[in-house]
Amino acid sequence: MIRSLLALLFLFAAATPSAAADRGPDQVFKLWPAAMPGSGGGTGPEKIGGEGSATGAVSNVSTPRMEIYRPKKPNGAAVLVIGGGGYFRIQISSAAVPTARWLAARGVTAVVLYYRLPGDGWNADAPFQDGQRAMRLLRANAERLKIDPKRIGVIGFSAGGHLAGILATRGSHDFYAAADIADRVSAVPDFAGLIYPVISMRAPIDTTRTARYVSKLPDWRDAYSVEAQVTASTPPIFLAHAIDDPIAAVAHSQRLADAMEAAKRPVEMHLFQRGGHSWGLGKPGEPVAAWPRLFASWARANGWLGSESAEQ
């Protein structure tokens with residue numbers, strides 16, 4: 001077990017900061033040292049969508065992995081970025097990568113997650129296994145990554161917001177048997193940004209494609225409704241949602257905000273008049289494009305990011 005982790009650390013150490021904002025990741029590596037937990041999966045190569053809303057979206061992921069975007073001037077914070085796509089694809093180029101580059105420009109070590117999808121035939125809890133493993137690897141290797149193990153957050157979009165929310169509320173629940181010594185550390189993020197997230201598996205907002213795949217799991221309506229899992233130890237959460245969202249009703253974020261308030265946990269929610277769904281960083285001039293600035297202000301105020309003057 002120690003041997004497999006050391007091999008992973010070597011990959012981390014090889015990473016160097018990107019020279020340009022539009023450059024690809026500095027390091028890519030697998031999540032699992034050997035056999036992965038779970039079962040099933042698709043066949044054939046990984047796919048990248050080329051039309052409509054699927055443009056740049058990845059599916060048929062058989063090698064779950066992380067892409068690291070290293071800032072020129074690291075401030076010690078790190079964020080795992082999880083694209084959405086209803087657990088049948090992952091919005092990589094339209095949401096995850098732009099957000100990772102935006103974070104890296106602000107001194108944050110950004111990590112894009114490629115996770116297995118139930119829509120490709122993997123077990124329904126595969127996303128949670130991969131997400132939990134990613135968080136543990138980041139924290140276990142904090143020293144080599146030059147990040148603060150107490151300043152590791154997560155940002156998730158849509159179904160990725162559901163995955164991020166489960167990590168925030170159920171990250172201490174083991175979704176798989178330990179693979180190596182990295183699995184001894186916590187998988188709970190220190191803070192979470194959930195952007196147009198799918199939150200609840202309960203009626204009447206249980207109509208998402210995300211819920212369709214999650215429904216294959218035991219006790220899915222309660223165990224995988226993020227708002228039902230909030231406790232006194234749930235980390236602070238930032239929420240951004242458009243009121244006219246036709247995919248994930250704004251009630252998803254509202255339910256979680258109410259649960260956080262009831263548990264007396266820190267929460268900040270921003271609702272926008274318009275924006276629909278799947279807007280990533282948001283188009284300039286649109287109301288939803290304000291969310292990155294609002295998130296950065298929230299994160300700075302809570303001590304997770306450096307000062308604005310220190311950004312690249």
# chains A, B, ... in the order shown; residues from 1 in each chain; ligands from 1
$ select_by_dssp --residues "range 59-140 of chain A" --states "strand (DSSP E or B)" --output "list in words"
Ser59, Arg65, Met66, Glu67, Ile68, Tyr69, Ala78, Val79, Leu80, Val81, Ile82, Ile90, Gln91, Thr109, Ala110, Val111, Val112, Leu113, Tyr114 and Trp122 of chain A
$ residues_around --residues "Ala192 in chain A" --least-positions-apart "3" --cutoff "12 Å" --atoms "only C-alpha atoms" --output "count of residues only"
42
$ residues_around --residues "range 214-227 of chain A" --least-positions-apart "4" --cutoff "9 Å" --atoms "only C-alpha atoms" --output "NGL selection string"
:A and (87 or 118 or 123-125 or 162 or 165-166 or 168-170 or 198-203 or 206 or 209-210 or 252-253 or 255-260)
$ select_by_dssp --residues "range 32-248 of chain A" --states "helix (DSSP H, G or I)" --output "VMD selection string"
chain A and resid 52 to 54 92 to 104 118 to 120 126 to 140 142 to 145 159 to 170 181 to 184 209 to 214 220 to 223 226 to 229
$ residues_around --residues "range 44-49 of chain A" --least-positions-apart "5" --cutoff "6 Å" --atoms "only C-alpha atoms" --output "list in words"
Ala54, Thr55, Gly56, Ala57, Val58, Ser59, Asn60 and Val61 of chain A
$ atom_distance --atom1 "CA of Ser186 in chain A" --atom2 "CA of Gln254 in chain A"
27.5 Å
$ closest_residue --among "A:Ala77, A:Ala262, A:Ala242, A:Ala211" --to "Trp291 in chain A" --atoms "only C-alpha atoms"
A:Ala242
$ closest_residue --among "A:Trp102, A:Phe88, A:Tyr196, A:Trp32" --to "Gly119 in chain A" --atoms "only C-alpha atoms"
A:Phe88
$ closest_residue --among "A:Asp120, A:Val112, A:Tyr176, A:Ala142" --to "Gly38 in chain A" --atoms "only C-alpha atoms"
A:Tyr176
$ residues_around --residues "Ala178 in chain A" --least-positions-apart "5" --cutoff "10 Å" --atoms "only C-alpha atoms" --output "VMD selection string"
chain A and resid 1 37 133 183 to 184
$ atom_distance --atom1 "CA of Ala248 in chain A" --atom2 "CA of Pro98 in chain A"
21.6 Å
$ closest_residue --among "A:Gln129, A:Ser94, A:Ala232, A:Asp180" --to "Gly50 in chain A" --atoms "only C-alpha atoms"
A:Ser94
